[in-house]
Structure formats: structure tokens, C-alpha cells
Amino acid sequence: MEDPKILTENVVDVPLRNVHKHDVIIIGAGLAGLWAAIKCKSAGLDTACMTKLSMPQRSHSTAAQGGIAASLGSLEEDHWEWHMFDTVKGSDFLADQDAAEILVKDAITVVREYEHMGAPFSRTPDGLIAQRKFGGHVKDFGRGGPVLRACYAADRTGHVLLHTLWQKAMELGVRFYTEMFAVSLITDGPKCAGVVTWDTKNGGLHAFKAKGTLIATGGYGRAWKITATSYSYTADGQYMALRAGVPLEDMEFFQFHPTGLFDRGILMTEGCRGEGGFLINDLGERFMKDYAPAKMELAPRDIVSRAITSEIEAGRGIKGGPYIHLDIRHLGAEIINTRLPQIREISIKFAGVDPIQEPIPIVPTAHYSMGGIPTDIDGRVLFDGKSQIFAGLYAAGECACVSVHGANRLGCNSTLDASVFGRRCGIAIVKDFPNLEHLPLEEDSAKMASEEIGFILNQKGSIKPVEIRDELQAGMQNYVAVFREEKGLSKMVSVIGDMHNKMSQMYISDKTLAYNTTLMEAMELRHLIAAAEAVTYGALSRTESRGAQARRDFPKRDDENWLKHTLYFRDKSGFRFDYKDVNLSRFVPEERKY
Ligand SMILES: Cc1cc2nc3c(=O)[nH]c(=O)nc-3n(C[C@H](O)[C@H](O)[C@H](O)COP(=O)(O)OP(=O)(O)OC[C@H]3O[C@@H](n4cnc5c(N)ncnc54)[C@H](O)[C@@H]3O)c2cc1C
């Protein structure tokens, strides 16, 4: 612990209570953060891991249901090359192929390491790790049928993986800080010295000095009204990176999962279809025959979400309403109870529907961010989005963009991304460590964090943050969802402009710094608006359809002009775009049919 006095004089509204010093500070305790923590601590580095939640095990990764992809071949022939091809084709050829190759090769190592740490995977009758089918994962470079590739633990895969890592981290002695809300990075140009946090339990700011700082804060699905993501998915890490001058990459590519429970959006895992479930419209048809005749319900998510939305728009939703049916009745009670028990429980509790007896009402739901903080293949943040390393700053998991998912992620490749690149990031920090330094804390290091909080506490308007949030979520749901077009996107641009004004006419009555959930929500709202802005401007400027970016006014993929990554820079004066090439080291782009 260092003397905090050096900073207190310049903190305007919010007192700095402590300065902590560690070798490595990891912001986020999901799969990505915990993997990095384990690798750093195992190598002898003084490693700390923080979460804004009350306990690491509540991190959003715990919600992952269906599985983690790896070509183990437990039950049938599979190869990492097939997995790589599927990932690249699924991405609509926007994934960087050097990174995709690492993802699928490291997948096997990562799943084995989980197994050796004791992760209780479901098993085959021979005792091997059980595997199921998932959308877009097929045999023989796309020529064959669906392949058994998703390793799973019933429909609670994320829960068991997260607990396995957390137990390992505890055993190793990783230092955890909970209810610690990271607000701003401490930087000196493209060098990172650590992070300033708000202690939401006791009030006040803390500065964490570290040689290596990892952002592993997850996504921002809370920008939409119908979402499968947890309350903590509010773009905090992406916002910190933007404020430090780092661009965000490919933000226009945001995934809608086809099967969210109507009308809450709670996820009904793709594992339901992987086990053999059907999608049915009001005519009783398995309508995927009209959209992806060869792969049917196991086509990639962007295609299935568009199919469901098109059926609903054509009036073929159930009873003409805004949902269709996911039917798993024919799987039988035994399979549902052993492989999909949580799905049954959620359906009964939240929709009053027992899927053993009735079909489940579903609708596409906001799910996953393909874009994020640009990194190299070892999680080092790229200051210019291309090649300039931000010394001492790393990013991994859903907040990062390495980019393995391109324009559309395949199911089970995200727990994999977070695990593979969280792990690699930890290894990279250990490797870089001798060349990293503890930078001196400047007097005004906490100023940005203090101003962020002060901005909200000092507003004297009358608008409640929740009103602005509802407007944001409704706008994103209406104009920046499964289908997009210029008119709606332009409308969203003006909604966002309006929201910036409203943020400075906001009022929160609670001015305290401890357990002030309204203050926290208002800060998260600011981050969500910044992310929504990046998504909307990116979607408006990309005049093509590719993966999850489906423009009704530009329905075709345009490789000539748009086979490139978007880099979105934002500062007080406004935003600008830059672009970078896609790594196409192995597979040549082709028409994407399923
Ligand atoms: C319902 C659901 C089911 C899913 N199922 C699957 C699946 O079966 N297979 C698959 O591959 N993918 C699945 N996904 C996606 C996958 O679970 C996530 O993408 C992945 O787990 C993200 O891991 P992460 O480590 O990046 O982030 P998280 O697990 O979300 O961890 C983020 C951490 O950062 C912390 N944090 C955030 N902001 C701050 C801040 N300001 N200060 C301090 N801490 C902060 C959080 O508290 C948390 O500890 C699913 C997603 C959803 C929504």
C-alpha cells in the first residue's frame, strides 16, 4: 500500500482512499480474466483480479449454457481445420484467419486443461467428454452434416467452467477485490500504469498501480431492450479504452441469438436445436427449409435470426403474434431432464410452459458483441488499432476483438475465445513482464475518474437515468437490431444526440458514494450510450450486408469495398473511422450458403 496523499489534493469531489500496488491487475473475473489470473499467478506474479459484482462467480460467464467448442472427436471424426473453416465461413470471411487458427488449435489444449483442473463435463458412455451439435459446426470443410463438437456440462457449461477457474485461482492465492468498479485507466500516452476504481461498497476511489493491466469486462448487450445478457453488460471496459485513445473495432457486428424466451429475451440455448429441437411457425412448418435447406435449424445464428424475424414480419408468428415456437417435445422427458434441465426450469418459471409438453415461445434476443478493443494474437491492446502496442495494457474475452468472430460468431466459440485468449494473455503478460515498468502516478491520475462520477452527481436537471436508458434500449431495438436500413439508423443517430443532451439534464437524488446503485446505473448508461453510438455509426457507414450486419438497403456482401475491419475513434471533438485489412492466410472468401 502506498501513501495516498499524493493524489488527494487534486481529487475534486470524490476522495481517493487507497493506492494499491500489484504486478498485474485484472479487471473482470469471468472466463477471460480468471484464465489470465491463473497463468500470471502460477508464474509467481503478484496478481489481483477485480469485479464490480459482489462475487467473481456471478460474472456473466456463469450464464453460458450450451458448451465450449473443440474438435476433440470424442464421438466422431473431427479436425481443427474443419473447425477453423466453419469459424471463418461463419464470420462471413471477416475473421482474421491467423487468430482463428490459434483459437481452434488452442481449443483442444484449453478443454484438456479444464478437464485436468476438475471441470465436471458431461460424459459419453465411454467416459470421454460429451459433445453435441451446434449451429454452423459441420464436417469436411462445410461439405458434410453437423458435427458433434460442443463440449458441455448439461446446459450449465459456463457455470461449471467459471467455478473451476475460480477455485483454481483461490487455490493459487490470486487476490480478489469485489464490488470494485473500474472507472478509468491511468495512462501516459500509449503506456498503462493501472486503473482507478470506485469502491461501491465503502465509497471513495482506489488507484491500482500495476505493470500489466488487463481489461476483461465482457460485452454490452444491455443496450437493447430484449436481451439475454446480464445487468453487468454495460461496455465499461470499451468505454475506458475509448477514453484512453484506443479505437473500437468492428462494433457494427452485434449478434442476435435466435432463441430468447418471449418476451423477456432469456436465452434458450442453441443446445436445444443441437439436441434436435425444431423451429415452427404458425402454419406448423419447419420454416428453416426456406432459408437454409441443408443445415435447417443448425444454420449459423445470423441466418436463423433473420429467418425468424422474416417469418414474424410476414405474419407467420404464432397466432400472428411477435414470436415463433421452439419445439423440443419429441426429444422426450429423459433427454430434456438430463441435458437441458435449466431450459425446462426457466421455461416453466418465466413463461409457464413445460417444454416436455408444450413448445416454447421464442424471439431473437441481443446476445454477443463480435467487436471490441483491438488486440494482437496475445491480447496486447493496439493503440492505433493496427500495430502500435499500448505498453502494459491487455484485453481479452467479449470486450476484446482479436478478431476470431468477424461479422458473426458461431455458438460455443465465445466461451472458447474468452478461455483461449484469456489464457494466452496471461502467458503474454508473464513473457512481457521483465520489460514492463511501474510508471509513477501523476498527481491528477484520479482526476478522470473523479470527473466521471462528479459529472453525474452534480447534474441538477430532472430526468431520471432510467428514463434515458429505456429510450436507448427502445431505439436500439427498433433501429439497430436484426435488420437495419439508413432511415432507422439515421433516426437512432438523432436519438443518441438527444440522449447526450438528456444526460446533462439528469438528476439523481442519492448523492452518497456507498451502495449507490442509481449512480452506478447512470455511469453504466453513459458507457452504453458510447457503445450504442459506435454500433450505430458503424452500421450506418458500412453499406453492405455481412454476417450480423443485415442492411435492407444494401442486401449484398461487398468484398470489393468492405472486406476490411472498421476502427472507430472517439474523443471530445467527435468520431472518425479508419480501416484495416483482414488476415486471409488460408481460406478464400466464397458465397456463404448453408
Ligand atoms: C445467456 C448466455 C448464454 C451463453 N452461452 C454460451 C455458450 O454456451 N457458449 C459460448 O461459447 N458462449 C456463450 N455465451 C457467451 C459467453 O458466455 C460470453 O461471451 C463469455 O462468457 C464472456 O466472458 P468474459 O470473461 O469476456 O466476460 P464475463 O464473464 O462477463 O466477465 C466480465 C467481468 O468483468 C467485470 N466487470 C465489468 N465491468 C466492470 C467494471 N467497470 N469494473 C470491474 N469489473 C467489471 C464483471 O463484473 C465480470 O466479473 C452466452 C451468453 C449468454 C448471454
# chains A, B, ... in the order shown; residues from 1 in each chain; ligands from 1

$ select_by_dssp --residues "stretch 521-579 of chain A" --states "strand (DSSP E)" --output "list in words"
Lys564, His565, Thr566, Leu567, Tyr568, Phe569, Arg570, Asp571, Gly574, Phe575, Arg576, Phe577, Asp578 and Tyr579 of chain A

$ residues_around --residues "stretch 494-499 of chain A" --least-positions-apart "4" --cutoff "8 Å" --atoms "only C-alpha atoms" --output "number ranges by chain"
A: 468, 472, 475, 490, 503, 529, 533

$ write_last_selection --atoms "all heavy atoms" --output "PDB file, in the first residue's frame"
ATOM      1  N   ILE A 468     -33.797   7.655 -19.551  1.00  0.00           N
ATOM      2  CA  ILE A 468     -32.871   7.734 -20.697  1.00  0.00           C
ATOM      3  C   ILE A 468     -32.507   6.313 -21.149  1.00  0.00           C
ATOM      4  O   ILE A 468     -32.443   6.015 -22.339  1.00  0.00           O
ATOM      5  CB  ILE A 468     -31.602   8.533 -20.316  1.00  0.00           C
ATOM      6  CG1 ILE A 468     -31.999   9.886 -19.722  1.00  0.00           C
ATOM      7  CG2 ILE A 468     -30.690   8.705 -21.532  1.00  0.00           C
ATOM      8  CD1 ILE A 468     -30.842  10.678 -19.150  1.00  0.00           C
ATOM      9  N   LEU A 472     -32.905   4.580 -24.844  1.00  0.00           N
ATOM     10  CA  LEU A 472     -31.776   3.959 -25.562  1.00  0.00           C
ATOM     11  C   LEU A 472     -32.137   2.549 -26.009  1.00  0.00           C
ATOM     12  O   LEU A 472     -31.966   2.173 -27.171  1.00  0.00           O
ATOM     13  CB  LEU A 472     -30.544   3.912 -24.642  1.00  0.00           C
ATOM     14  CG  LEU A 472     -29.366   3.093 -25.165  1.00  0.00           C
ATOM     15  CD1 LEU A 472     -28.627   3.860 -26.249  1.00  0.00           C
ATOM     16  CD2 LEU A 472     -28.398   2.717 -24.056  1.00  0.00           C
ATOM     17  N   GLY A 475     -34.750   2.452 -28.761  1.00  0.00           N
ATOM     18  CA  GLY A 475     -34.189   2.900 -30.038  1.00  0.00           C
ATOM     19  C   GLY A 475     -33.328   1.822 -30.680  1.00  0.00           C
ATOM     20  O   GLY A 475     -33.464   1.518 -31.875  1.00  0.00           O
ATOM     21  N   SER A 490     -30.336   6.456 -39.141  1.00  0.00           N
ATOM     22  CA  SER A 490     -30.249   7.915 -39.002  1.00  0.00           C
ATOM     23  C   SER A 490     -31.137   8.387 -37.857  1.00  0.00           C
ATOM     24  O   SER A 490     -30.789   9.308 -37.113  1.00  0.00           O
ATOM     25  CB  SER A 490     -30.696   8.613 -40.292  1.00  0.00           C
ATOM     26  OG  SER A 490     -29.890   8.185 -41.347  1.00  0.00           O
ATOM     27  N   MET A 503     -28.486  13.513 -20.790  1.00  0.00           N
ATOM     28  CA  MET A 503     -27.542  13.116 -19.727  1.00  0.00           C
ATOM     29  C   MET A 503     -27.108  14.328 -18.912  1.00  0.00           C
ATOM     30  O   MET A 503     -26.792  14.216 -17.734  1.00  0.00           O
ATOM     31  CB  MET A 503     -26.303  12.431 -20.327  1.00  0.00           C
ATOM     32  CG  MET A 503     -26.524  11.014 -20.787  1.00  0.00           C
ATOM     33  SD  MET A 503     -27.034   9.866 -19.486  1.00  0.00           S
ATOM     34  CE  MET A 503     -25.502   9.491 -18.653  1.00  0.00           C
ATOM     35  N   ILE A 529     -24.358   4.258 -23.883  1.00  0.00           N
ATOM     36  CA  ILE A 529     -24.613   5.235 -24.954  1.00  0.00           C
ATOM     37  C   ILE A 529     -23.390   5.310 -25.876  1.00  0.00           C
ATOM     38  O   ILE A 529     -23.521   5.331 -27.104  1.00  0.00           O
ATOM     39  CB  ILE A 529     -24.960   6.624 -24.366  1.00  0.00           C
ATOM     40  CG1 ILE A 529     -26.307   6.558 -23.640  1.00  0.00           C
ATOM     41  CG2 ILE A 529     -25.004   7.681 -25.465  1.00  0.00           C
ATOM     42  CD1 ILE A 529     -26.652   7.809 -22.839  1.00  0.00           C
ATOM     43  N   GLU A 533     -23.489   4.267 -29.786  1.00  0.00           N
ATOM     44  CA  GLU A 533     -23.070   5.237 -30.794  1.00  0.00           C
ATOM     45  C   GLU A 533     -22.097   4.588 -31.782  1.00  0.00           C
ATOM     46  O   GLU A 533     -22.230   4.745 -33.001  1.00  0.00           O
ATOM     47  CB  GLU A 533     -22.386   6.396 -30.058  1.00  0.00           C
ATOM     48  CG  GLU A 533     -22.320   7.673 -30.812  1.00  0.00           C
ATOM     49  CD  GLU A 533     -21.866   8.813 -29.878  1.00  0.00           C
ATOM     50  OE1 GLU A 533     -21.085   8.567 -28.945  1.00  0.00           O
ATOM     51  OE2 GLU A 533     -22.299   9.922 -30.108  1.00  0.00           O
TER      52      GLU A 533
END

$ residues_near_ligand --ligand "ligand 1" --cutoff "6 Å" --atoms "only C-alpha atoms and all ligand atoms" --output "ChimeraX atom specification"
/A:27-33,50-53,56,59-61,63-68,180-183,216-218,228-229,236,267,367,397-399,411-416,418

$ closest_residue --among "A:Leu185, A:Ile360, A:Leu162, A:Ile328" --to "A:Gly276" --atoms "only C-alpha atoms"
A:Ile328

$ residues_around --residues "A:Met251" --least-positions-apart "2" --cutoff "6 Å" --atoms "only C-alpha atoms" --output "number ranges by chain"
A: 249, 253, 371, 535

$ closest_atom_pairs --of "stretch 472-580 of chain A" --to "stretch 188-198 of chain A" --cutoff "10 Å" --atoms "only C-alpha atoms" --output "tab-separated table"
residue	atom	partner	partner_atom	distance
A:Leu513	CA	A:Trp198	CA	8.6
A:Ala514	CA	A:Trp198	CA	9.4
A:Met520	CA	A:Trp198	CA	9.6

$ write_last_selection --atoms "all heavy atoms" --output "tab-separated table (two decimals), in the first residue's frame"
chain	number	residue	atom	x	y	z
A	513	LEU	N	-21.84	7.86	-1.79
A	513	LEU	CA	-20.89	7.10	-2.62
A	513	LEU	C	-20.87	5.62	-2.29
A	513	LEU	O	-20.20	4.85	-2.96
A	513	LEU	CB	-19.49	7.68	-2.46
A	513	LEU	CG	-19.26	9.00	-3.20
A	513	LEU	CD1	-17.94	9.63	-2.81
A	513	LEU	CD2	-19.31	8.76	-4.71
A	514	ALA	N	-21.57	5.21	-1.25
A	514	ALA	CA	-21.58	3.79	-0.90
A	514	ALA	C	-22.94	3.18	-1.24
A	514	ALA	O	-23.98	3.78	-0.95
A	514	ALA	CB	-21.29	3.61	0.59
A	520	MET	N	-24.38	4.07	-9.99
A	520	MET	CA	-23.73	3.03	-10.81
A	520	MET	C	-24.48	2.85	-12.14
A	520	MET	O	-23.86	2.78	-13.21
A	520	MET	CB	-23.73	1.71	-10.03
A	520	MET	CG	-22.95	0.61	-10.68
A	520	MET	SD	-22.45	-0.53	-9.39
A	520	MET	CE	-22.39	-2.03	-10.29

$ atom_distance --atom1 "atom CA of A:Phe383" --atom2 "atom CA of A:His206"
25.0 Å

$ select_by_dssp --residues "stretch 121-273 of chain A" --states "helix (DSSP H, G or I)" --output "ChimeraX atom specification"
/A:157-172,221-223,236-243,271-273

$ closest_residue --among "A:Met240, A:Leu393, A:Leu283, A:Ile303" --to "A:Asp432" --atoms "only C-alpha atoms"
A:Leu393

$ closest_residue --among "A:Ala223, A:Val24, A:Ile102, A:Ile308" --to "A:Leu528" --atoms "only C-alpha atoms"
A:Ala223

$ atom_distance --atom1 "atom CA of A:Pro120" --atom2 "atom CA of A:Val420"
18.9 Å

$ residues_around --residues "A:Ile226" --least-positions-apart "2" --cutoff "10 Å" --atoms "only C-alpha atoms" --output "list in words"
Gly221, Arg222, Ala223, Trp224, Ala228, Thr229, Phe256, Gly260, Leu261, Phe262, Asp263, Arg264, Gly265, Ile266, Val363, Pro364, Thr365, Ala366, His367, Gln473, Ala474, Met476 and Gln477 of chain A

$ residues_around --residues "stretch 132-138 of chain A" --least-positions-apart "2" --cutoff "7 Å" --atoms "only C-alpha atoms" --output "number ranges by chain"
A: 83, 86, 90, 130, 140, 142, 144-151, 270-271, 274-275, 298-301, 410-411

$ closest_residue --among "A:Ala548, A:Ala307, A:Ala396, A:Ile456" --to "A:Ser509" --atoms "only C-alpha atoms"
A:Ile456

$ residues_around --residues "A:Ile348" --least-positions-apart "5" --cutoff "12 Å" --atoms "only C-alpha atoms" --output "list in words"
Leu261, Pro341, Gln342, Ile343, Val353, Asp354, Pro355, Ile356, Gln357, Glu358, Pro359, Ile360 and Pro361 of chain A

$ atom_distance --atom1 "atom CA of A:Gly454" --atom2 "atom CA of A:Thr517"
15.1 Å

$ residues_around --residues "A:Gln505" --least-positions-apart "4" --cutoff "9 Å" --atoms "only C-alpha atoms" --output "PyMOL selection string"
chain A and resi 459-464+501

$ decode --residues "stretch 305-326 of chain A" --atoms "N, CA and C atoms" --output "PDB file, in the first residue's frame"
ATOM      1  N   SER A 305     -31.678 -16.008 -37.076  1.00  0.00           N
ATOM      2  CA  SER A 305     -32.364 -14.827 -36.517  1.00  0.00           C
ATOM      3  C   SER A 305     -33.099 -14.058 -37.609  1.00  0.00           C
ATOM      4  N   ARG A 306     -32.473 -13.946 -38.781  1.00  0.00           N
ATOM      5  CA  ARG A 306     -33.161 -13.250 -39.886  1.00  0.00           C
ATOM      6  C   ARG A 306     -34.389 -14.043 -40.334  1.00  0.00           C
ATOM      7  N   ALA A 307     -34.258 -15.369 -40.358  1.00  0.00           N
ATOM      8  CA  ALA A 307     -35.396 -16.203 -40.774  1.00  0.00           C
ATOM      9  C   ALA A 307     -36.569 -16.019 -39.814  1.00  0.00           C
ATOM     10  N   ILE A 308     -36.296 -16.058 -38.523  1.00  0.00           N
ATOM     11  CA  ILE A 308     -37.382 -15.900 -37.531  1.00  0.00           C
ATOM     12  C   ILE A 308     -38.029 -14.517 -37.677  1.00  0.00           C
ATOM     13  N   THR A 309     -37.189 -13.490 -37.784  1.00  0.00           N
ATOM     14  CA  THR A 309     -37.723 -12.125 -37.912  1.00  0.00           C
ATOM     15  C   THR A 309     -38.563 -12.007 -39.181  1.00  0.00           C
ATOM     16  N   SER A 310     -38.112 -12.608 -40.274  1.00  0.00           N
ATOM     17  CA  SER A 310     -38.862 -12.543 -41.541  1.00  0.00           C
ATOM     18  C   SER A 310     -40.206 -13.259 -41.406  1.00  0.00           C
ATOM     19  N   GLU A 311     -40.221 -14.405 -40.734  1.00  0.00           N
ATOM     20  CA  GLU A 311     -41.486 -15.132 -40.547  1.00  0.00           C
ATOM     21  C   GLU A 311     -42.471 -14.286 -39.734  1.00  0.00           C
ATOM     22  N   ILE A 312     -41.963 -13.670 -38.678  1.00  0.00           N
ATOM     23  CA  ILE A 312     -42.843 -12.844 -37.838  1.00  0.00           C
ATOM     24  C   ILE A 312     -43.374 -11.660 -38.656  1.00  0.00           C
ATOM     25  N   GLU A 313     -42.475 -11.023 -39.414  1.00  0.00           N
ATOM     26  CA  GLU A 313     -42.903  -9.857 -40.214  1.00  0.00           C
ATOM     27  C   GLU A 313     -43.922 -10.250 -41.291  1.00  0.00           C
ATOM     28  N   ALA A 314     -43.806 -11.492 -41.768  1.00  0.00           N
ATOM     29  CA  ALA A 314     -44.743 -11.957 -42.797  1.00  0.00           C
ATOM     30  C   ALA A 314     -46.066 -12.434 -42.201  1.00  0.00           C
ATOM     31  N   GLY A 315     -46.224 -12.285 -40.901  1.00  0.00           N
ATOM     32  CA  GLY A 315     -47.486 -12.649 -40.253  1.00  0.00           C
ATOM     33  C   GLY A 315     -47.566 -14.126 -39.897  1.00  0.00           C
ATOM     34  N   ARG A 316     -46.441 -14.826 -39.981  1.00  0.00           N
ATOM     35  CA  ARG A 316     -46.474 -16.256 -39.655  1.00  0.00           C
ATOM     36  C   ARG A 316     -45.939 -16.540 -38.250  1.00  0.00           C
ATOM     37  N   GLY A 317     -45.876 -15.490 -37.395  1.00  0.00           N
ATOM     38  CA  GLY A 317     -45.612 -15.729 -35.978  1.00  0.00           C
ATOM     39  C   GLY A 317     -46.803 -16.484 -35.405  1.00  0.00           C
ATOM     40  N   ILE A 318     -46.626 -17.064 -34.219  1.00  0.00           N
ATOM     41  CA  ILE A 318     -47.709 -17.876 -33.647  1.00  0.00           C
ATOM     42  C   ILE A 318     -48.942 -16.994 -33.407  1.00  0.00           C
ATOM     43  N   LYS A 319     -50.056 -17.432 -33.950  1.00  0.00           N
ATOM     44  CA  LYS A 319     -51.321 -16.672 -33.912  1.00  0.00           C
ATOM     45  C   LYS A 319     -51.122 -15.258 -34.436  1.00  0.00           C
ATOM     46  N   GLY A 320     -50.199 -15.112 -35.372  1.00  0.00           N
ATOM     47  CA  GLY A 320     -49.935 -13.798 -35.962  1.00  0.00           C
ATOM     48  C   GLY A 320     -49.138 -12.879 -35.052  1.00  0.00           C
ATOM     49  N   GLY A 321     -48.715 -13.385 -33.907  1.00  0.00           N
ATOM     50  CA  GLY A 321     -48.013 -12.553 -32.911  1.00  0.00           C
ATOM     51  C   GLY A 321     -46.517 -12.484 -33.155  1.00  0.00           C
ATOM     52  N   PRO A 322     -45.783 -11.753 -32.274  1.00  0.00           N
ATOM     53  CA  PRO A 322     -44.358 -11.495 -32.491  1.00  0.00           C
ATOM     54  C   PRO A 322     -43.432 -12.585 -31.936  1.00  0.00           C
ATOM     55  N   TYR A 323     -43.758 -13.821 -32.112  1.00  0.00           N
ATOM     56  CA  TYR A 323     -42.860 -14.909 -31.679  1.00  0.00           C
ATOM     57  C   TYR A 323     -43.166 -16.171 -32.475  1.00  0.00           C
ATOM     58  N   ILE A 324     -42.223 -17.108 -32.446  1.00  0.00           N
ATOM     59  CA  ILE A 324     -42.470 -18.416 -33.061  1.00  0.00           C
ATOM     60  C   ILE A 324     -42.181 -19.495 -31.996  1.00  0.00           C
ATOM     61  N   HIS A 325     -42.268 -20.757 -32.394  1.00  0.00           N
ATOM     62  CA  HIS A 325     -42.095 -21.827 -31.403  1.00  0.00           C
ATOM     63  C   HIS A 325     -40.778 -22.590 -31.562  1.00  0.00           C
ATOM     64  N   LEU A 326     -40.173 -22.864 -30.427  1.00  0.00           N
ATOM     65  CA  LEU A 326     -39.059 -23.812 -30.356  1.00  0.00           C
ATOM     66  C   LEU A 326     -39.658 -25.083 -29.757  1.00  0.00           C
TER      67      LEU A 326
END
